[in-house]
Amino acid sequence: MTEASAPEPLAPKASAPERLAPKAPAPAPTAPEATDAPEVPEAPEAPEAPEATETPAKAPTSSTSPAPSATDTAPKAAPLPPAPQPGPHAAQGVQPPAVPAYLHAQRQPPRAGGQSPWQPWQPPAKRPGTTARLRPAAPSLIRPAVLWAVLATAVLSALLLGDGLGVNLLIVAVPAALAAAFAARAAGRRLRPWTAAWAVGGLALLAVPALLDAGWPTFLAVVSAFALGSLALHGSRSWPGVLAGSVGIFASAVPGIRWGWRGVRERADGSRGRWGTALRTTAVAVGLLVVFGALFASADAAFADLLGRLTPDVSFAEGPWRLFLFLLGLTGALAAAHTAAAPVRWDGLTVKAGKPRGRMEWALPLIVLNLLFAAFIALQLVVLLGGYERVREATGLDHAQYARQGFWQLLWATLLTLLVIALALRWAPRGGSRDRTLVRAVLGTLCVLTLVVVASALRRMDLYVEEYGLTRLRISVAAMELWLGVVFVLILAAGVFGARFLPRAIAVSAGAAVLAFGLISPDAVVAEQNVQRFEARGTIDIDYVKGLSADAVPALDRLPEPQRSCALRVLQYELRSADSPWYATSWGEARAGEILRKRPVTADRSTCYGLGTDGVREGGRGGSEQDHDDYDPY
């Protein structure tokens with residue numbers, strides 16, 4: 001009666017001793033059915049599974065001996081007889097607890113393919129997302145040295161960056177770099193050669209605004225310095241890592257603010273006395289400087305002039321702008337320090353490899369492309385060796401038109417060749433050493449032929465500049481074409497020595513190219529070339545050269561009058577009207593101002609108008625000095 005009145009979930013417990021009792025018949029017909037219970041979870045409704053376990057409990061009731069209860073058989077445990085499918089406890093003589101059939105699925109090993117079986121009491125396991133794989137553990141509490149460096153960066157940004165760009169960028173970058181170095185050291189990160197190269201390159205690029213007055217090389221240098229600094233903080237090495245790591249510091253802006261605020265709050269709670277002492281000391285020092293500085297400035301005019309040049313001119317009206325610069329410097333320094341302490345692992349971004357193609361399917365299009373490059377290069381060699389007259393007869397183009405027509409096409413051909421190489425490497429055959437040899441031979445030949453195309457493009461630009469002169473656009477695209485040639489040389493080196501360092505090497509070459517482009521002073525080179533053409537041919541485009549920056553003044557100063565004065569009138573007015581402090585004045589501006597103070601311009605507007613170099617088109621209406629001229633700043 002006890003067994004009959006027991007609830008159905010307890011039936012498995014009573015059936016376990018009956019199967020293991022010595023007097024029970026071993027070959028029970030329903031025993032194998034219990035091992036098939038893991039298939040029950042595949043049914044639509046899981047609660048129906050316990051009903052399947054009632055079959056082993058009913059089978060022994062039809063045997064010749066009565067089924068003993070669990071209480072009577074527990075003390076009389078005997079060595080276990082061999083079971084049809086013994087579990088892991090049977091070899092040790094230990095009675096395993098009975099488990100309902102619908103729970104056997106949790107004990108199963110993983111299925112084929114790495115998939116885990118169904119587990120009714122646990123949620124399905126989730127793979128870590130992309131963010132979890134990229135984001136490292138939270139950094140430790142921010143150090144006081146990092147906080148002071150961040151505060152110095154914010155204060156210097158508010159005081160120095162509001163008057164222009166010059167050496168102030170380098171001054172602001174130094175405490176920000178120190179904050180990142182302190183944070184990296186506290187996190188246990190070591191300085192590696194690539195990190196040092198990127199950091200030094202970024203700081204060197206910030207010297208370009210201190211040297212040049214031209215805005216476009218300065219913009220390229222600042223952007224490149226930001227990218228190299230971000231790479232130095234992340235330490236990326238793969239293609240996705242280098243591309244994402246160059247702008248990855250933006251991802252640390254908000255976490256950096258939270259990290260800094262948490263550190264300030266926790267440290268302020270435990271050291272309120274020291275914070276009060278520091279604030280009082282700072283206030284006393286600032287008060288003494290203000291009082292005695294004002295007294296000394298009123299006592300000596302020279303000292304007042306020196307003090308006015310050294311100290312920033314901060315007015316109440318510039319308060320919102322200075323506050324924005326303060327917050328910008330604070331956020332940037334905190335982001336740099338947080339990145340140094342806990343960099344995002346951008347190398348965790350992976351690109352799925354393309355499906356390898358067969359040798360003939362992969363190589364045939366590239367071999368045809370190599371033949372086309374070879375035919376084009378053969379024609380270029382004919383032109384360079386004296387066959388230009390035949391080409392001109394066939395095309396009807398003169399020397400300059402022929403050069404101008406081909407340069408831009410060759411530049412695009414060079415860029416598209418890089419894309420072709422990237423796609424070819426994605427689908428290249430990867431069967432063994434013979435496939436690697438085929439890939440190196442085909443792509444190496446394409447790189448060598450492309451280098452000849454780069455040389456042809458540069459030669460065309462040289463012919464065009466010789467005919468029409470040098471401009472900012474022409475020197476820029478020529479510099480870009482030259483850098484693309486360096487990229488192809490690096491690809492060739494990677495094919496010989498391995499491509500492990502190729503992403504970082506190309507990033508360093510880009511930074512070095514921007515630095516070299518800034519150091520040669522493009523505006524000075526443009527002015528120098530135009531002055532040389534004037535000395536050789538007697539013609540110069542004054543309307544163009546007078547729009548150059550102060551970097552062009554030393555070269556334009558060699559022109560005879562009145563061309564010199566007409567070329568420098570605009571620059572002299574801009575330099576005299578500018579009132580930039582020392583930290584926002586470049587070396588090019590200072591040198592140009594010194595030259596124009598010694599030799600000011602002498603030609604007036606009417607003289608330049610007579611030369612047709614005052615921005616008035618031929619046939620336009622003349623006028624007096626009071627007439628408006630959009631090209632004349634006076």
# chains A, B, ... in the order shown; residues from 1 in each chain; ligands from 1
$ select_by_dssp --residues "range 215-383 of chain A" --states "helix (DSSP H, G or I)" --output "ChimeraX atom specification"
/A:215-234,239-245,248-270,272-299,301-310,316-341,346-348,359-383
$ atom_distance --atom1 "CA of Ser252 in chain A" --atom2 "CA of His338 in chain A"
6.5 Å
$ closest_residue --among "A:Ala422, A:Leu519, A:Val351, A:Val465" --to "Leu443 in chain A" --atoms "only C-alpha atoms"
A:Ala422
$ closest_residue --among "A:Leu372, A:Gly248, A:Gly166, A:Arg537" --to "Leu212 in chain A" --atoms "only C-alpha atoms"
A:Gly166
$ residues_around --residues "range 149-164 of chain A" --least-positions-apart "2" --cutoff "8 Å" --atoms "only C-alpha atoms" --output "ChimeraX atom specification"
/A:145-147,166,168-169,171-173,175-176,178-179,312,314,321-330,333-334,580-581,583-585
$ write_last_selection --atoms "N, CA and C atoms" --output "mmCIF file, in the first residue's frame"
data_model
loop_
_atom_site.group_PDB
_atom_site.id
_atom_site.type_symbol
_atom_site.label_atom_id
_atom_site.label_comp_id
_atom_site.auth_asym_id
_atom_site.auth_seq_id
_atom_site.Cartn_x
_atom_site.Cartn_y
_atom_site.Cartn_z
ATOM 1 N N ALA A 145 49.553 60.920 -9.870
ATOM 2 C CA ALA A 145 50.400 61.491 -10.919
ATOM 3 C C ALA A 145 49.622 61.652 -12.226
ATOM 4 N N VAL A 146 48.757 60.673 -12.532
ATOM 5 C CA VAL A 146 47.942 60.766 -13.740
ATOM 6 C C VAL A 146 46.958 61.925 -13.627
ATOM 7 N N LEU A 147 46.360 62.087 -12.465
ATOM 8 C CA LEU A 147 45.408 63.185 -12.272
ATOM 9 C C LEU A 147 46.069 64.543 -12.448
ATOM 10 N N GLY A 166 50.726 76.589 -33.010
ATOM 11 C CA GLY A 166 52.170 76.768 -33.102
ATOM 12 C C GLY A 166 52.845 75.760 -32.206
ATOM 13 N N ASN A 168 52.429 75.663 -29.200
ATOM 14 C CA ASN A 168 51.522 75.345 -28.103
ATOM 15 C C ASN A 168 50.966 73.927 -28.204
ATOM 16 N N LEU A 169 50.787 73.408 -29.407
ATOM 17 C CA LEU A 169 50.329 72.025 -29.540
ATOM 18 C C LEU A 169 51.317 71.050 -28.921
ATOM 19 N N ILE A 171 53.464 71.784 -26.566
ATOM 20 C CA ILE A 171 53.473 72.014 -25.118
ATOM 21 C C ILE A 171 52.311 71.295 -24.447
ATOM 22 N N VAL A 172 51.128 71.332 -25.073
ATOM 23 C CA VAL A 172 49.966 70.659 -24.499
ATOM 24 C C VAL A 172 50.108 69.143 -24.587
ATOM 25 N N ALA A 173 50.754 68.654 -25.632
ATOM 26 C CA ALA A 173 50.877 67.202 -25.813
ATOM 27 C C ALA A 173 51.823 66.561 -24.806
ATOM 28 N N PRO A 175 52.292 67.023 -21.321
ATOM 29 C CA PRO A 175 51.650 66.460 -20.124
ATOM 30 C C PRO A 175 50.639 65.366 -20.444
ATOM 31 N N ALA A 176 49.968 65.438 -21.602
ATOM 32 C CA ALA A 176 49.058 64.355 -21.977
ATOM 33 C C ALA A 176 49.825 63.051 -22.187
ATOM 34 N N LEU A 178 52.655 62.325 -20.721
ATOM 35 C CA LEU A 178 53.087 61.887 -19.397
ATOM 36 C C LEU A 178 51.950 61.186 -18.650
ATOM 37 N N ALA A 179 50.720 61.686 -18.784
ATOM 38 C CA ALA A 179 49.581 61.024 -18.150
ATOM 39 C C ALA A 179 49.405 59.607 -18.684
ATOM 40 N N PRO A 312 49.357 84.437 -21.411
ATOM 41 C CA PRO A 312 48.192 84.465 -22.300
ATOM 42 C C PRO A 312 47.262 85.619 -21.964
ATOM 43 N N VAL A 314 43.791 86.465 -21.533
ATOM 44 C CA VAL A 314 42.494 85.841 -21.298
ATOM 45 C C VAL A 314 41.530 86.917 -20.847
ATOM 46 N N TRP A 321 34.721 80.041 -24.643
ATOM 47 C CA TRP A 321 35.674 79.383 -25.533
ATOM 48 C C TRP A 321 36.805 78.734 -24.737
ATOM 49 N N ARG A 322 37.296 79.426 -23.721
ATOM 50 C CA ARG A 322 38.354 78.847 -22.886
ATOM 51 C C ARG A 322 37.837 77.654 -22.086
ATOM 52 N N LEU A 323 36.598 77.713 -21.640
ATOM 53 C CA LEU A 323 36.018 76.571 -20.921
ATOM 54 C C LEU A 323 35.900 75.355 -21.829
ATOM 55 N N PHE A 324 35.502 75.583 -23.073
ATOM 56 C CA PHE A 324 35.424 74.471 -24.022
ATOM 57 C C PHE A 324 36.806 73.847 -24.244
ATOM 58 N N LEU A 325 37.829 74.692 -24.396
ATOM 59 C CA LEU A 325 39.179 74.151 -24.571
ATOM 60 C C LEU A 325 39.649 73.402 -23.329
ATOM 61 N N PHE A 326 39.268 73.878 -22.144
ATOM 62 C CA PHE A 326 39.614 73.174 -20.907
ATOM 63 C C PHE A 326 38.987 71.776 -20.886
ATOM 64 N N LEU A 327 37.710 71.708 -21.202
ATOM 65 C CA LEU A 327 37.028 70.410 -21.213
ATOM 66 C C LEU A 327 37.582 69.499 -22.310
ATOM 67 N N LEU A 328 37.944 70.101 -23.442
ATOM 68 C CA LEU A 328 38.519 69.304 -24.523
ATOM 69 C C LEU A 328 39.853 68.701 -24.109
ATOM 70 N N GLY A 329 40.720 69.510 -23.493
ATOM 71 C CA GLY A 329 41.990 68.979 -23.022
ATOM 72 C C GLY A 329 41.820 67.949 -21.918
ATOM 73 N N LEU A 330 40.862 68.187 -21.012
ATOM 74 C CA LEU A 330 40.607 67.236 -19.930
ATOM 75 C C LEU A 330 40.120 65.900 -20.483
ATOM 76 N N ALA A 333 43.019 64.062 -22.463
ATOM 77 C CA ALA A 333 44.057 63.493 -21.601
ATOM 78 C C ALA A 333 43.529 62.280 -20.839
ATOM 79 N N LEU A 334 42.283 62.345 -20.352
ATOM 80 C CA LEU A 334 41.699 61.187 -19.664
ATOM 81 C C LEU A 334 41.519 60.017 -20.622
ATOM 82 N N SER A 580 49.534 87.614 -32.730
ATOM 83 C CA SER A 580 49.596 86.296 -32.107
ATOM 84 C C SER A 580 50.693 86.261 -31.057
ATOM 85 N N PRO A 581 50.465 85.607 -29.926
ATOM 86 C CA PRO A 581 51.522 85.460 -28.928
ATOM 87 C C PRO A 581 52.610 84.519 -29.422
ATOM 88 N N TYR A 583 53.615 81.622 -28.433
ATOM 89 C CA TYR A 583 53.333 80.191 -28.517
ATOM 90 C C TYR A 583 52.403 79.851 -29.672
ATOM 91 N N ALA A 584 51.799 80.843 -30.304
ATOM 92 C CA ALA A 584 50.948 80.616 -31.471
ATOM 93 C C ALA A 584 51.557 81.180 -32.740
ATOM 94 N N THR A 585 52.828 81.513 -32.716
ATOM 95 C CA THR A 585 53.529 82.052 -33.876
ATOM 96 C C THR A 585 54.555 81.033 -34.352
#
$ residues_around --residues "Val477 in chain A" --least-positions-apart "3" --cutoff "12 Å" --atoms "only C-alpha atoms" --output "MDAnalysis selection string"
chainID A and resid 407:408 410:412 454 457:458 461:462 470:474 480:484 517 522
$ atom_distance --atom1 "CA of Pro356 in chain A" --atom2 "CA of Leu418 in chain A"
19.3 Å
$ closest_residue --among "A:Asn370, A:Thr339, A:Ser476, A:Thr277" --to "Leu220 in chain A" --atoms "only C-alpha atoms"
A:Ser476
$ atom_distance --atom1 "CA of Pro217 in chain A" --atom2 "CA of Gly518 in chain A"
5.5 Å
$ residues_around --residues "Ser230 in chain A" --least-positions-apart "3" --cutoff "12 Å" --atoms "only C-alpha atoms" --output "ChimeraX atom specification"
/A:177,180,195,198-199,201-203,223-227,233-236,241-252,332-333,335-340,343-344,346,507
$ residues_around --residues "range 491-503 of chain A" --least-positions-apart "2" --cutoff "7 Å" --atoms "only C-alpha atoms" --output "list in words"
Arg237, Ser238, Trp239, Val242, Arg440, Gly444, Cys447, Val487, Phe488, Val489, Ala505, Ile506 and Ala507 of chain A
$ residues_around --residues "Ile367 in chain A" --least-positions-apart "3" --cutoff "12 Å" --atoms "only C-alpha atoms" --output "number ranges by chain"
A: 359-364, 370-374, 424, 438-439, 441-446, 449
$ write_last_selection --atoms "C-alpha atoms" --output "PDB file, in the first residue's frame"
ATOM      1  CA  ARG A 359      45.893  28.075 -59.517  1.00  0.00           C
ATOM      2  CA  MET A 360      44.747  28.683 -63.068  1.00  0.00           C
ATOM      3  CA  GLU A 361      41.564  30.469 -62.016  1.00  0.00           C
ATOM      4  CA  TRP A 362      43.541  32.789 -59.764  1.00  0.00           C
ATOM      5  CA  ALA A 363      46.690  33.365 -61.811  1.00  0.00           C
ATOM      6  CA  LEU A 364      45.325  33.814 -65.343  1.00  0.00           C
ATOM      7  CA  ASN A 370      50.960  41.923 -66.037  1.00  0.00           C
ATOM      8  CA  LEU A 371      51.174  41.668 -69.816  1.00  0.00           C
ATOM      9  CA  LEU A 372      49.119  44.845 -70.171  1.00  0.00           C
ATOM     10  CA  PHE A 373      51.421  46.675 -67.745  1.00  0.00           C
ATOM     11  CA  ALA A 374      54.461  45.441 -69.668  1.00  0.00           C
ATOM     12  CA  ALA A 424      44.287  38.654 -54.925  1.00  0.00           C
ATOM     13  CA  LEU A 438      53.160  31.145 -57.634  1.00  0.00           C
ATOM     14  CA  VAL A 439      51.625  33.948 -55.541  1.00  0.00           C
ATOM     15  CA  ALA A 441      55.993  35.385 -58.587  1.00  0.00           C
ATOM     16  CA  VAL A 442      52.752  36.809 -60.004  1.00  0.00           C
ATOM     17  CA  LEU A 443      52.199  39.550 -57.421  1.00  0.00           C
ATOM     18  CA  GLY A 444      55.904  40.407 -57.237  1.00  0.00           C
ATOM     19  CA  THR A 445      55.969  40.971 -60.992  1.00  0.00           C
ATOM     20  CA  LEU A 446      52.882  43.174 -60.708  1.00  0.00           C
ATOM     21  CA  LEU A 449      55.752  46.828 -63.062  1.00  0.00           C
TER      22      LEU A 449
END
$ closest_residue --among "A:Trp216, A:Phe534, A:Phe296, A:Trp194" --to "Pro560 in chain A" --atoms "only C-alpha atoms"
A:Phe534
